[in-house]
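Participant: Below you will find the structure I want to go over with you.
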Amino acid sequence: MSEIIVGIDLGTTNSEIAVIENGKVTIIEDAGHKILPSFVGISDNNEILVGDPAKNQYILYPEKTVKSIKRKIGEEIKVEMDGKSYTPQEISAIILKRLKAIAEKYLNKPVTKAVITVPAYFSDVQRQATREAGEIAGLEVVRMINEPTAAALSYESENPEQKNILVYDLGGGTFDVSVVSIEDDVVEVVASHGNNKLGGDDFDQAIADYIVEHIQEKFDVDISESRKAMAKINRAAETAKRALSDQPFAMIEEEYLYEHNGKQINLSLELSRSDYEDLIADYIDETLEAIHIALNGANLTVADIDEILLVGGSTRTPIVSKRLQDEFQKQPRSEINPDLCVAAGAAIQAAIIAGQKISGSAVLVDITPYTYGTSAVGELNGEFYPYMYVPIIHKNSPLPLSKTELFFTMVDNQKIVEVKVYQGEDQDALNNIQIGEFTVEGLNETPANSPILLKLELDLNGILSVSAIEKETGLKKSITIDNAISRFEAEEMEQAKERIQAIFGDKIENTSKEGTENNAIVQAKILVAKAEQLLDNASAEDKEDIVDMIEAINDALAIEDIAALDKPMEQLSDIIYYLES
């Protein structure tokens with residue numbers, strides 16, 4: 001029997017985990033839900049919250065909750081949660097650890113290996129940080145594949161005929177576009193482009209800014225300094241965005257939003273779909289520009305594309321399909337669930353690696369979305385320049401690959417060669433991203449112009465290895481570019497593992513429906529207790545509302561109707577926020 005390797009879509013907004021069973025993809029559910037919101041929080045009683053419980057408490061306790069951590073992965077920063085600092089890898093590891101436990105509960109066996117998807121335009125540093133997150137969570141990341149590639153794998157399993165498809169992947173925090181060729185059970189990514197800082201979060205922010213401006217004009221108050229008020233506005237913005245996918249207008253209403261000079265500010269604002277589309281027009285324009293860059297990289301035109309595949313929840317915004325249809329004169333396909341197809345593709349790739357037989361499984365040929373090279377003395381704009389960029393591995397090259405270039409020493413008896421490795425497309429190396437450097441010391445005493453071989457190797461995960469060799473003596477120095485700004489040392493990695501395990505204790509295993517319900521019950525009881533503490537200082541009107549909500553929550557708890565908790569808990573949270581402001 002082949003080993004189990006799961007497929008994981010670690011998303012900015014939502015995450016999913018999948019596995020192949022009897023040759024078919026299963027998106028593993030947790031308490032009836034296939035999607036786990038990518039929220040992490042700490043509850044009032046110091047329990048770790050992942051997914052819906054963390055998302056639900058975000059409005060009440062934004063300082064105890066972290067969202068959209070994927071946008072910060074690979075950055076040398078820390079985020080605050082309940083007064084403590086965490087790296088993006090650690091927060092991501094908490095999400096992965098929860099997904100791991102969900103799969104273990106479903107499969108009734110340990111899960112130790114995974115294929116994790118990343119945006120096609122993720123840099124080497126971001127890929128390394130994602131791998132580190134997996135390791136902290138107790139997962140061996142056997143492969144990382146690009147999200148559009150995973151979606152194409154999922155698509156190919158249902159549509160094996162030859163065609164060129166454009167995968168338009170607009171998620172919560174990132175955007176990628178890939179040109180993919182499918183032929184004879186081979187899925188080949190021909191070209192990619194994208195932006196790691198563009199997604200549905202930006203759409204939410206555009207609406208939130210619109211709301212803040214409205215409040216400024218109507219009430220003459222800058223509400224943006226209130227973290228709790230902004231948490232509520234951000235939630236309202238996301239709700240409006242989703243509503244405008246299906247309706248021409250959305251009412252944005254929030255009671256008890258803010259108190260200014262002793263007066264209560266309630267929000268009531270109608271947003272039309274056309275106004276919303278105007279707010280995000282520049283973002284959509286940027287995605288269309290990226291499409292043409294990818295098409296040029298593939299040496300194809302709009303007319304050469306047979307199908308357009310929509311991936312990512314943000315593609316549900318109607319203007320996306322409309323603009324793509326105008327551009328390509330064909331309707332984009334969305335019958336494959338845009339939220340789940342990436343996890344499904346990851347599971348397919350995982351099963352192939354594990355040696356499982358899958359009907360319609362394809363050979364995957366992925367590419368590098370970046371050019372990698374080094375700097376050398378040369379001529380730039382007609383002048384001598386010591387940092388001329390020398391590309392060695394070119395963008396859109398198939399993976400894995402190895403390229404070697406010949407360089408020469410500068411002076412007689414040169415003892416040291418400094419090697420700097422860059423990622424980017426600019427002729428000036430200094431305008432690209434330096435991702436590593438090392439020195440080769442103790443060179444042979446030879447005249448200037450002695451040959452030095454510089455070899456770059458890019459593996460299937462898009463991880464880069466570099467070596468420099470003195471041709472005459474064979475003297476070699478090499479590095480794997482996994483020590484860039486995000487890399488943990490071995491001791492730091494172990495400390496991160498212990499830290500994340502410590503905050504979970506044994507509670508991470510409780511991922512059943514009962515466990516999720518218990519979490520909701522705990523949250524409801526905490527909310528009721530807090531509300532009861534505020535009763536004495538509440539106005540008569542507020543007191544009446546609080547009592548009504550407490551009774552509704554207690555009634556739901558008495559009959560164990562967990563779904564009935566949602567509305568009164570949300571309303572009670574709003575009242576508590578207002579009273580505590």
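Within each chain, counting starts at residue 1; across the structure tokens, chains are named A, B, ... in the order shown, with ligands numbered 1 upward in that order.
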Can you list, as a short mmCIF file (atom, residue, chain, number, x, y, z; two decimals) with all heavy atoms, in the first residue's frame, every protein, DNA or RNA residue that comes within 9 Å of Thr371 in chain A when you count only C-alpha atoms, leaving out same-chain residues fewer than 5 positions away?
Facilitator:
data_model
loop_
_atom_site.label_atom_id
_atom_site.label_comp_id
_atom_site.auth_asym_id
_atom_site.auth_seq_id
_atom_site.Cartn_x
_atom_site.Cartn_y
_atom_site.Cartn_z
N PRO A 391 22.19 37.24 -16.56
CA PRO A 391 21.21 36.17 -16.35
C PRO A 391 21.81 34.81 -16.67
O PRO A 391 22.55 34.66 -17.65
CB PRO A 391 20.08 36.52 -17.32
CG PRO A 391 20.28 37.97 -17.68
CD PRO A 391 21.76 38.18 -17.62
N ILE A 392 21.51 33.83 -15.83
CA ILE A 392 21.99 32.47 -16.07
C ILE A 392 20.80 31.52 -16.26
O ILE A 392 20.75 30.76 -17.22
CB ILE A 392 22.90 31.99 -14.91
CG1 ILE A 392 24.13 32.91 -14.81
CG2 ILE A 392 23.32 30.53 -15.11
CD1 ILE A 392 25.05 32.60 -13.66
N ILE A 393 19.85 31.56 -15.35
CA ILE A 393 18.59 30.84 -15.54
C ILE A 393 17.53 31.86 -15.91
O ILE A 393 17.33 32.85 -15.21
CB ILE A 393 18.17 30.09 -14.25
CG1 ILE A 393 19.10 28.89 -14.02
CG2 ILE A 393 16.73 29.63 -14.33
CD1 ILE A 393 18.82 28.14 -12.75
N HIS A 394 16.87 31.63 -17.03
CA HIS A 394 15.92 32.63 -17.55
C HIS A 394 14.49 32.31 -17.13
O HIS A 394 14.10 31.15 -16.96
CB HIS A 394 16.02 32.70 -19.07
CG HIS A 394 17.29 33.33 -19.56
ND1 HIS A 394 17.42 34.69 -19.77
CD2 HIS A 394 18.50 32.78 -19.83
CE1 HIS A 394 18.65 34.95 -20.18
NE2 HIS A 394 19.32 33.81 -20.22
N LYS A 395 13.72 33.37 -16.96
CA LYS A 395 12.30 33.26 -16.64
C LYS A 395 11.58 32.33 -17.60
O LYS A 395 11.88 32.30 -18.80
CB LYS A 395 11.68 34.67 -16.68
CG LYS A 395 10.19 34.73 -16.42
CD LYS A 395 9.71 36.17 -16.44
CE LYS A 395 8.20 36.24 -16.20
NZ LYS A 395 7.71 37.63 -16.12
N ASN A 396 10.63 31.56 -17.09
CA ASN A 396 9.80 30.63 -17.85
C ASN A 396 10.57 29.41 -18.35
O ASN A 396 10.11 28.71 -19.26
CB ASN A 396 9.11 31.33 -19.03
CG ASN A 396 8.10 32.36 -18.58
OD1 ASN A 396 7.47 32.20 -17.53
ND2 ASN A 396 7.95 33.43 -19.34
N SER A 397 11.73 29.11 -17.73
CA SER A 397 12.46 27.89 -18.06
C SER A 397 11.82 26.70 -17.33
O SER A 397 11.43 26.82 -16.17
CB SER A 397 13.93 28.01 -17.63
OG SER A 397 14.58 29.05 -18.32
N TYR A 422 21.32 37.11 -7.82
CA TYR A 422 20.18 38.02 -7.89
C TYR A 422 18.99 37.33 -8.56
O TYR A 422 19.14 36.39 -9.35
CB TYR A 422 20.54 39.27 -8.70
CG TYR A 422 21.62 40.13 -8.09
CD1 TYR A 422 22.96 39.89 -8.39
CD2 TYR A 422 21.30 41.17 -7.24
CE1 TYR A 422 23.97 40.68 -7.84
CE2 TYR A 422 22.30 41.97 -6.68
CZ TYR A 422 23.63 41.71 -6.98
OH TYR A 422 24.62 42.49 -6.42
N GLN A 423 17.83 37.89 -8.28
CA GLN A 423 16.57 37.44 -8.88
C GLN A 423 15.90 38.67 -9.48
O GLN A 423 15.67 39.66 -8.79
CB GLN A 423 15.70 36.82 -7.81
CG GLN A 423 14.25 36.59 -8.19
CD GLN A 423 13.43 36.19 -6.98
OE1 GLN A 423 13.62 35.12 -6.42
NE2 GLN A 423 12.52 37.06 -6.55
N GLY A 424 15.60 38.62 -10.77
CA GLY A 424 14.95 39.77 -11.40
C GLY A 424 15.26 39.85 -12.87
O GLY A 424 15.93 38.99 -13.45
N GLU A 425 14.78 40.94 -13.48
CA GLU A 425 14.87 41.07 -14.94
C GLU A 425 15.65 42.31 -15.40
O GLU A 425 15.89 42.48 -16.58
CB GLU A 425 13.45 41.16 -15.54
CG GLU A 425 12.44 40.17 -14.97
CD GLU A 425 12.83 38.73 -15.20
OE1 GLU A 425 13.41 38.44 -16.26
OE2 GLU A 425 12.56 37.90 -14.31
#
Participant: I want to know what sits within 12 Å of Gln356 in chain A, based on only C-alpha atoms, with residues of the same chain fewer than 5 positions away left out; could you give that as a short mmCIF file (atom, residue, chain, number, x, y, z; two decimals) with N, CA, C and O atoms, in the first residue's frame?
Facilitator:
data_model
loop_
_atom_site.label_atom_id
_atom_site.label_comp_id
_atom_site.auth_asym_id
_atom_site.auth_seq_id
_atom_site.Cartn_x
_atom_site.Cartn_y
_atom_site.Cartn_z
N MET A 1 0.85 -1.20 0.00
CA MET A 1 0.00 0.00 0.00
C MET A 1 0.88 1.25 0.00
O MET A 1 1.86 1.34 0.74
N SER A 2 0.58 2.21 -0.87
CA SER A 2 1.39 3.42 -0.97
C SER A 2 1.17 4.32 0.24
O SER A 2 0.14 4.26 0.90
N GLU A 3 2.18 5.14 0.53
CA GLU A 3 2.07 6.05 1.67
C GLU A 3 1.08 7.16 1.37
O GLU A 3 0.78 7.46 0.22
N ILE A 4 0.59 7.78 2.43
CA ILE A 4 -0.35 8.89 2.27
C ILE A 4 0.41 10.21 2.24
O ILE A 4 1.18 10.52 3.16
N ILE A 5 0.22 10.96 1.18
CA ILE A 5 0.74 12.32 1.09
C ILE A 5 -0.46 13.21 0.79
O ILE A 5 -1.18 12.97 -0.18
N VAL A 19 -6.98 14.79 -0.27
CA VAL A 19 -6.28 13.51 -0.42
C VAL A 19 -6.98 12.74 -1.53
O VAL A 19 -8.15 12.98 -1.85
N ILE A 20 -6.24 11.82 -2.15
CA ILE A 20 -6.82 10.95 -3.17
C ILE A 20 -7.29 9.66 -2.52
O ILE A 20 -6.53 8.99 -1.82
N GLU A 21 -8.56 9.33 -2.74
CA GLU A 21 -9.14 8.08 -2.24
C GLU A 21 -9.80 7.35 -3.40
O GLU A 21 -10.65 7.93 -4.09
N ASN A 22 -9.40 6.10 -3.61
CA ASN A 22 -9.96 5.30 -4.70
C ASN A 22 -9.87 6.02 -6.05
O ASN A 22 -10.79 5.98 -6.87
N GLY A 23 -8.74 6.71 -6.23
CA GLY A 23 -8.50 7.39 -7.50
C GLY A 23 -9.19 8.72 -7.67
O GLY A 23 -9.07 9.37 -8.71
N LYS A 24 -9.94 9.18 -6.65
CA LYS A 24 -10.67 10.43 -6.74
C LYS A 24 -10.24 11.39 -5.63
O LYS A 24 -9.81 10.98 -4.56
N ALA A 347 -3.45 17.54 -4.24
CA ALA A 347 -3.68 16.14 -3.86
C ALA A 347 -3.34 15.19 -5.00
O ALA A 347 -2.78 14.10 -4.78
N ILE A 348 -3.66 15.59 -6.22
CA ILE A 348 -3.32 14.77 -7.39
C ILE A 348 -1.81 14.61 -7.51
O ILE A 348 -1.28 13.51 -7.69
N GLN A 349 -1.07 15.73 -7.37
CA GLN A 349 0.38 15.67 -7.44
C GLN A 349 0.94 14.83 -6.29
O GLN A 349 1.88 14.05 -6.46
N ALA A 350 0.35 14.97 -5.11
CA ALA A 350 0.80 14.20 -3.95
C ALA A 350 0.62 12.71 -4.20
O ALA A 350 1.51 11.90 -3.87
N ALA A 351 -0.51 12.33 -4.77
CA ALA A 351 -0.76 10.92 -5.04
C ALA A 351 0.20 10.36 -6.08
O ALA A 351 0.66 9.22 -5.98
N SER A 361 -4.34 10.92 -14.69
CA SER A 361 -3.26 11.72 -14.09
C SER A 361 -2.24 12.09 -15.15
O SER A 361 -1.95 11.32 -16.06
#
Participant: Could you check how far CA of Leu257 in chain A sits from CA of Glu532 in chain A, in Å to one decimal?
Facilitator: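 So the answer is 20.6 Å.
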Participant: Do a neighbour search on range 558-567 of chain A at 8 Å with only C-alpha atoms, toss out local chain neighbours closer than 5 positions, and write the hits as a tab-separated table (two decimals) with C-alpha atoms, in the first residue's frame.
Facilitator:
chain	number	residue	atom	x	y	z
A	517	GLU	CA	-19.06	22.80	18.56
A	520	ALA	CA	-18.38	27.66	19.75
A	521	ILE	CA	-20.00	26.91	23.10
A	524	ALA	CA	-20.61	31.90	23.54
A	552	ALA	CA	-31.17	33.95	22.72
A	553	ILE	CA	-27.68	32.53	23.28
